[in-house]
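S.K.: Dumping the structure here so I can ask a few things about it.
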Amino acid sequence: MEYEVNNQGKGWVNAGSAIIVLLLFSIMAASNVTAPIYELYAIKYNFGPFIITDIFGIYVLMLIPSLLFWGQYSDKHGRKLPVGIGVIMEIIGLLSFLFARNMYMLFIGRAFMGLASGAIAGPASALLFHYHRKAGAVLTSIGTSAGTATGPLIGGLMAQYLPYPLRLVYLVSIVFVLIPAMAMYPLKDTSPKNPMLKLHFPSIDKDVIRMFLLSSFAAFIAWSITAFFMSLAPVYIITLSGINNIAMGGIIVFIMLGIASVFQIVSLKFKIKSSMVTGMAFIALAILFILISIMKNSLYIFIIGTVFAGMGQGFAFTGATREIKEISPADKTGDMLANYYIIIYLGVGLPVIILGFMDRITGLFNGILYYGIAFIVFSIIMGILLTIENFRD
């Protein structure tokens with residue numbers, strides 16, 4: 001039996017939106033508990049940074065076709081089935097890590113997690129926009145970023161201080177995913193049921209394509225720096241600090257994305273384009289401090305860069321998501337969000353894979369240096385283009 005929740009309710013959340021945000025949070029947390037633990041897997045299975053970036057890459061490779069299919073499906077047949085299938089795939093991914101006996105099981109686990117995120121991201125966000133029209137965009141951003149922040153923290157702390165470091169965290173994650181998934185089951189679906197589904201590459205209306213691309217690439221940059229923190233930063237932190245503590249990497253990721261979650265709320269006081277411009281400025285500043293920390297071999301300067309990165313991610317991602325919500329036609333929300341998340345997850349996967357190749361060619365620190373300079377340039381260019389759009393308004 002389904003029930004509807006008043007989507008015009010007062011305040012930040014109502015019952016429907018709270019359940020969906022918790023599901024987004026739990027899926028992102030579960031998908032990212034592994035971030036600080038890769039160092040243990042690297043020792044156990046004898047692989048380096050290049051394999052770590054490949055594991056991130058398989059996640060994105062599987063996520064994109066999943067996004068394309070389930071975004072279109074949800075616009076025609078409803079949001080809840082894709083979300084339910086995504087939950088099942090997430091649990092399969094977690095079980096693959098739980099019972100991993102070799103490096104290849106890690107790839108299988110991340111592949112299923114990619115399929116899960118692709119099935120859930122667009123449909124759940126569209127459902128959230130319905131259940132809370134006023135704050136749907138920022139709640140989507142907060143649920144995604146807060147979950148992505150909490151996962152590595154939980155993974156790092158459990159792996160460092162509790163028994164069975166490569167087992168217990170996945171059992172806890174499975175339970176954590178199932179609770180909001182079961183709570184979501186009675187919620188009423190929101191899209192029309194249409195028996196005809198014609199698969200197509202998601203299209204963007206010509207009158208909104210310019211702002212779609214600007215917003216999406218602002219989010220691309222925001223999540224590219226996030227991906228760096230979640231893949232290679234834990235290894236780098238251990239090298240800088242000399243402290244061989246798995247929890248350190250998770251704490252740094254949590255600080256970065258925890259700050260991002262706070263500034264996603266702060267960004268609501270800014271106009272949408274001003275929020276994205278501010279985000280680009282802070283991201284450029286963050287990367288500059290990270291590069292200085294490499295040259296000075298300073299953990300403290302790296303932490304300052306981490307704070308700026310969180311501020312930039314919060315402003316840029318929320319501003320971009322708000323803009324996408326503003327320009328999305330009601331009957332193409334799934335398509336628009338699918339395209340948006342494809343670009344975001346290319347930002348998660350592609351630059352980190354490139355960084356992995358650069359590590360093999362030039363070494364990790366030189367690779368980060370070149371990577372950082374490129375993204376400072378990209379951030380400045382995006383900031384200029386968005387400023388021009390702001391003046392046009």
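Letters A, B, ... go to the chains of the structure tokens in the order shown; residues in each chain start at 1; ligands are counted from 1 in the same order.
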What's around region 247-253 of chain A at 9 Å? Count only C-alpha atoms, leave out sequence neighbours fewer than 3 positions away in its own chain, and write the answer as a VMD selection string.

M.R.: chain A and resid 33 35 to 37 148 to 161 226 229 to 230 233 to 238 243 to 244 256 to 258 303 306

S.K.: Limited to N, CA and C atoms, could you put the picked residues into a file as a CSV table (one decimal), in the first residue's frame?

M.R.:
chain,number,residue,atom,x,y,z
A,33,VAL,N,32.8,3.6,1.9
A,33,VAL,CA,33.5,3.1,3.1
A,33,VAL,C,34.9,2.5,2.7
A,35,ALA,N,37.1,3.8,0.7
A,35,ALA,CA,38.1,4.8,0.3
A,35,ALA,C,39.4,4.7,1.1
A,36,PRO,N,39.4,4.7,2.5
A,36,PRO,CA,40.6,4.7,3.2
A,36,PRO,C,41.2,3.2,3.4
A,37,ILE,N,40.4,2.2,3.0
A,37,ILE,CA,40.8,0.8,3.2
A,37,ILE,C,41.6,0.3,2.1
A,148,THR,N,28.8,10.7,1.2
A,148,THR,CA,30.2,10.5,0.7
A,148,THR,C,31.2,10.8,1.7
A,149,ALA,N,30.9,11.8,2.6
A,149,ALA,CA,31.9,12.2,3.7
A,149,ALA,C,31.9,11.1,4.8
A,150,THR,N,30.7,10.6,5.2
A,150,THR,CA,30.6,9.8,6.3
A,150,THR,C,31.2,8.4,6.1
A,151,GLY,N,31.0,7.9,4.8
A,151,GLY,CA,31.5,6.5,4.5
A,151,GLY,C,33.0,6.3,4.7
A,152,PRO,N,33.8,7.2,4.2
A,152,PRO,CA,35.3,7.0,4.5
A,152,PRO,C,35.6,7.1,6.0
A,153,LEU,N,34.9,8.0,6.7
A,153,LEU,CA,35.2,8.2,8.1
A,153,LEU,C,34.9,6.9,8.8
A,154,ILE,N,33.7,6.3,8.6
A,154,ILE,CA,33.3,5.1,9.2
A,154,ILE,C,34.3,3.9,8.8
A,155,GLY,N,34.6,3.9,7.5
A,155,GLY,CA,35.5,2.8,7.0
A,155,GLY,C,36.8,2.9,7.7
A,156,GLY,N,37.4,4.1,7.7
A,156,GLY,CA,38.7,4.3,8.3
A,156,GLY,C,38.8,3.9,9.8
A,157,LEU,N,37.8,4.4,10.6
A,157,LEU,CA,37.8,4.2,12.0
A,157,LEU,C,37.5,2.7,12.3
A,158,MET,N,36.6,2.1,11.6
A,158,MET,CA,36.3,0.7,11.9
A,158,MET,C,37.5,-0.2,11.5
A,159,ALA,N,38.2,0.1,10.3
A,159,ALA,CA,39.3,-0.7,9.9
A,159,ALA,C,40.5,-0.5,10.8
A,160,GLN,N,40.6,0.7,11.5
A,160,GLN,CA,41.8,0.9,12.3
A,160,GLN,C,41.6,0.4,13.7
A,161,TYR,N,40.4,0.5,14.3
A,161,TYR,CA,40.2,0.3,15.7
A,161,TYR,C,39.3,-0.9,16.1
A,226,THR,N,37.0,16.1,-5.3
A,226,THR,CA,36.5,15.2,-4.3
A,226,THR,C,37.0,13.8,-4.5
A,229,PHE,N,40.5,13.3,-3.2
A,229,PHE,CA,40.5,13.1,-1.8
A,229,PHE,C,40.1,11.7,-1.4
A,230,MET,N,39.3,11.1,-2.3
A,230,MET,CA,38.7,9.8,-1.9
A,230,MET,C,39.6,8.6,-2.5
A,233,ALA,N,44.4,10.7,-2.0
A,233,ALA,CA,44.8,11.6,-0.8
A,233,ALA,C,45.1,10.7,0.4
A,234,PRO,N,44.3,9.7,0.8
A,234,PRO,CA,44.7,8.9,2.0
A,234,PRO,C,46.2,8.4,1.9
A,235,VAL,N,46.6,7.9,0.7
A,235,VAL,CA,48.0,7.4,0.6
A,235,VAL,C,48.9,8.6,0.8
A,236,TYR,N,48.6,9.7,0.2
A,236,TYR,CA,49.4,10.9,0.3
A,236,TYR,C,49.5,11.4,1.7
A,237,ILE,N,48.4,11.4,2.5
A,237,ILE,CA,48.4,11.8,3.8
A,237,ILE,C,49.3,11.0,4.7
A,238,ILE,N,49.3,9.7,4.5
A,238,ILE,CA,50.1,8.8,5.3
A,238,ILE,C,51.6,9.1,5.0
A,243,ILE,N,52.4,8.9,9.7
A,243,ILE,CA,51.6,8.1,10.6
A,243,ILE,C,50.8,7.1,9.8
A,244,ASN,N,51.2,5.8,10.1
A,244,ASN,CA,50.5,4.7,9.3
A,244,ASN,C,49.2,4.4,10.0
A,256,MET,N,36.8,17.3,4.6
A,256,MET,CA,36.5,18.0,3.4
A,256,MET,C,35.1,18.0,3.0
A,257,LEU,N,34.4,16.8,3.0
A,257,LEU,CA,33.0,16.8,2.6
A,257,LEU,C,32.1,17.2,3.7
A,258,GLY,N,32.5,17.1,5.0
A,258,GLY,CA,31.7,17.6,6.0
A,258,GLY,C,31.6,19.2,5.9
A,303,ILE,N,45.9,20.5,5.1
A,303,ILE,CA,44.7,20.6,5.8
A,303,ILE,C,44.0,21.9,5.5
A,306,THR,N,42.4,21.4,2.3
A,306,THR,CA,41.2,20.6,2.5
A,306,THR,C,40.0,21.4,2.9

S.K.: Using only C-alpha atoms, can you tell me which of A:Ser215, A:Ser117, A:Ser26, A:Asn245 comes closest to Ala146 (chain A)?

M.R.: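 Distance minimum relative to Ala146 (chain A) lands on A:Ser26.
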
S.K.: Let me make sure I understand: among A:Leu24, A:Lys44, A:Tyr345, A:Glu39, which one has the smallest atom-to-atom distance to Ile221 (chain A) if we use only C-alpha atoms?

M.R.: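 Smallest separation from Ile221 (chain A) among the options: A:Tyr345.
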
S.K.: Would you please extract all helix (DSSP H, G or I) residues from region 27-214 of chain A, as assigned by DSSP on the backbone, and give them as a PyMOL selection string?

M.R.: chain A and resi 27-32+35-45+49-77+80-98+103-131+136-161+168-184+206-214

S.K.: Between CA of Ala222 (chain A) and CA of Ile255 (chain A), what is the spacing in Å?

M.R.: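 About the pair CA of Ile255 (chain A) and CA of Ala222 (chain A): they are 15.3 Å apart.
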
S.K.: CA of Ile272 (chain A) to CA of Ile344 (chain A): how many Å, to one decimal?

M.R.: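 Spanning CA of Ile272 (chain A) to CA of Ile344 (chain A) is a straight-line distance of 17.9 Å.
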
S.K.: Val208 (chain A): which residues within 12 Å, counting only C-alpha atoms, same-chain residues fewer than 6 positions away excluded, as a list of chain:residue names?

M.R.: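 With the cut-off at 12 Å, the set is A:Leu214, A:Ser215, A:Ser216, A:Glu323, A:Ile324, A:Lys325, A:Glu326, A:Ile327, A:Ser328, A:Pro329, A:Met336.
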
S.K.: Can you write out the residues you just picked, keeping N, CA and C atoms, as a PDB file, in the first residue's frame?

M.R.:
ATOM      1  N   LEU A 214      27.375  24.700 -18.394  1.00  0.00           N
ATOM      2  CA  LEU A 214      28.157  25.455 -17.414  1.00  0.00           C
ATOM      3  C   LEU A 214      27.962  24.879 -16.009  1.00  0.00           C
ATOM      4  N   SER A 215      26.713  24.604 -15.661  1.00  0.00           N
ATOM      5  CA  SER A 215      26.427  24.055 -14.332  1.00  0.00           C
ATOM      6  C   SER A 215      27.047  22.670 -14.167  1.00  0.00           C
ATOM      7  N   SER A 216      26.900  21.837 -15.189  1.00  0.00           N
ATOM      8  CA  SER A 216      27.404  20.462 -15.106  1.00  0.00           C
ATOM      9  C   SER A 216      28.923  20.437 -14.982  1.00  0.00           C
ATOM     10  N   GLU A 323      20.652  25.068 -10.205  1.00  0.00           N
ATOM     11  CA  GLU A 323      20.444  25.533 -11.579  1.00  0.00           C
ATOM     12  C   GLU A 323      19.803  24.447 -12.434  1.00  0.00           C
ATOM     13  N   ILE A 324      20.260  23.211 -12.279  1.00  0.00           N
ATOM     14  CA  ILE A 324      19.673  22.101 -13.036  1.00  0.00           C
ATOM     15  C   ILE A 324      18.198  21.954 -12.687  1.00  0.00           C
ATOM     16  N   LYS A 325      17.857  22.071 -11.416  1.00  0.00           N
ATOM     17  CA  LYS A 325      16.464  21.991 -11.001  1.00  0.00           C
ATOM     18  C   LYS A 325      15.638  23.111 -11.642  1.00  0.00           C
ATOM     19  N   GLU A 326      16.214  24.313 -11.702  1.00  0.00           N
ATOM     20  CA  GLU A 326      15.504  25.468 -12.260  1.00  0.00           C
ATOM     21  C   GLU A 326      15.191  25.290 -13.743  1.00  0.00           C
ATOM     22  N   ILE A 327      16.114  24.688 -14.483  1.00  0.00           N
ATOM     23  CA  ILE A 327      15.966  24.639 -15.943  1.00  0.00           C
ATOM     24  C   ILE A 327      15.366  23.328 -16.440  1.00  0.00           C
ATOM     25  N   SER A 328      15.087  22.377 -15.535  1.00  0.00           N
ATOM     26  CA  SER A 328      14.583  21.064 -15.955  1.00  0.00           C
ATOM     27  C   SER A 328      13.082  21.101 -16.227  1.00  0.00           C
ATOM     28  N   PRO A 329      12.644  20.753 -17.462  1.00  0.00           N
ATOM     29  CA  PRO A 329      11.208  20.591 -17.712  1.00  0.00           C
ATOM     30  C   PRO A 329      10.667  19.431 -16.887  1.00  0.00           C
ATOM     31  N   MET A 336      17.337  14.995 -17.690  1.00  0.00           N
ATOM     32  CA  MET A 336      18.246  16.077 -17.303  1.00  0.00           C
ATOM     33  C   MET A 336      19.184  15.618 -16.188  1.00  0.00           C
TER      34      MET A 336
END

S.K.: So, with only C-alpha atoms as the atoms that count, which of A:Ile51, A:Ala15, A:Met89, A:Leu61 lies closest to Leu178 (chain A)?

M.R.: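 Between A:Ile51, A:Ala15, A:Met89, A:Leu61, the residue approaching Leu178 (chain A) most closely is A:Met89.
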
S.K.: Skip region 358-366 of chain A itself and residues of its chain fewer than 6 positions away, then list as a ChimeraX atom specification all residues within 8 Å of it, counting only C-alpha atoms.

M.R.: /A:49-50,294

S.K.: Those same residues, written as a PDB file, in the first residue's frame with N, CA and C atoms?

M.R.:
ATOM      1  N   PRO A  49      49.018   2.627  -6.614  1.00  0.00           N
ATOM      2  CA  PRO A  49      48.035   3.673  -6.926  1.00  0.00           C
ATOM      3  C   PRO A  49      47.329   3.479  -8.262  1.00  0.00           C
ATOM      4  N   PHE A  50      48.021   2.899  -9.242  1.00  0.00           N
ATOM      5  CA  PHE A  50      47.414   2.720 -10.563  1.00  0.00           C
ATOM      6  C   PHE A  50      46.186   1.812 -10.478  1.00  0.00           C
ATOM      7  N   ILE A 294      52.676  20.016  -1.176  1.00  0.00           N
ATOM      8  CA  ILE A 294      53.581  19.033  -1.792  1.00  0.00           C
ATOM      9  C   ILE A 294      55.007  19.565  -1.795  1.00  0.00           C
TER      10      ILE A 294
END

S.K.: Could you jot down the CA of Met184 (chain A) to CA of Ala320 (chain A) separation for me, Å, one decimal place?

M.R.: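 Answer for the CA of Met184 (chain A) to CA of Ala320 (chain A) separation: 26.7 Å.
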
S.K.: Measuring atom to atom with only C-alpha atoms, identify which of A:Ile259, A:Ile204, A:Glu90, A:Tyr73 is nearest to Ala181 (chain A).

M.R.: A:Glu90

S.K.: Between A:Gly118, A:Gly310, A:Pro65, A:Gly109, which is the closest to Gly86 (chain A) once you count only C-alpha atoms?

M.R.: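 Using only C-alpha atoms, the shortest distance to Gly86 (chain A) belongs to A:Gly118.
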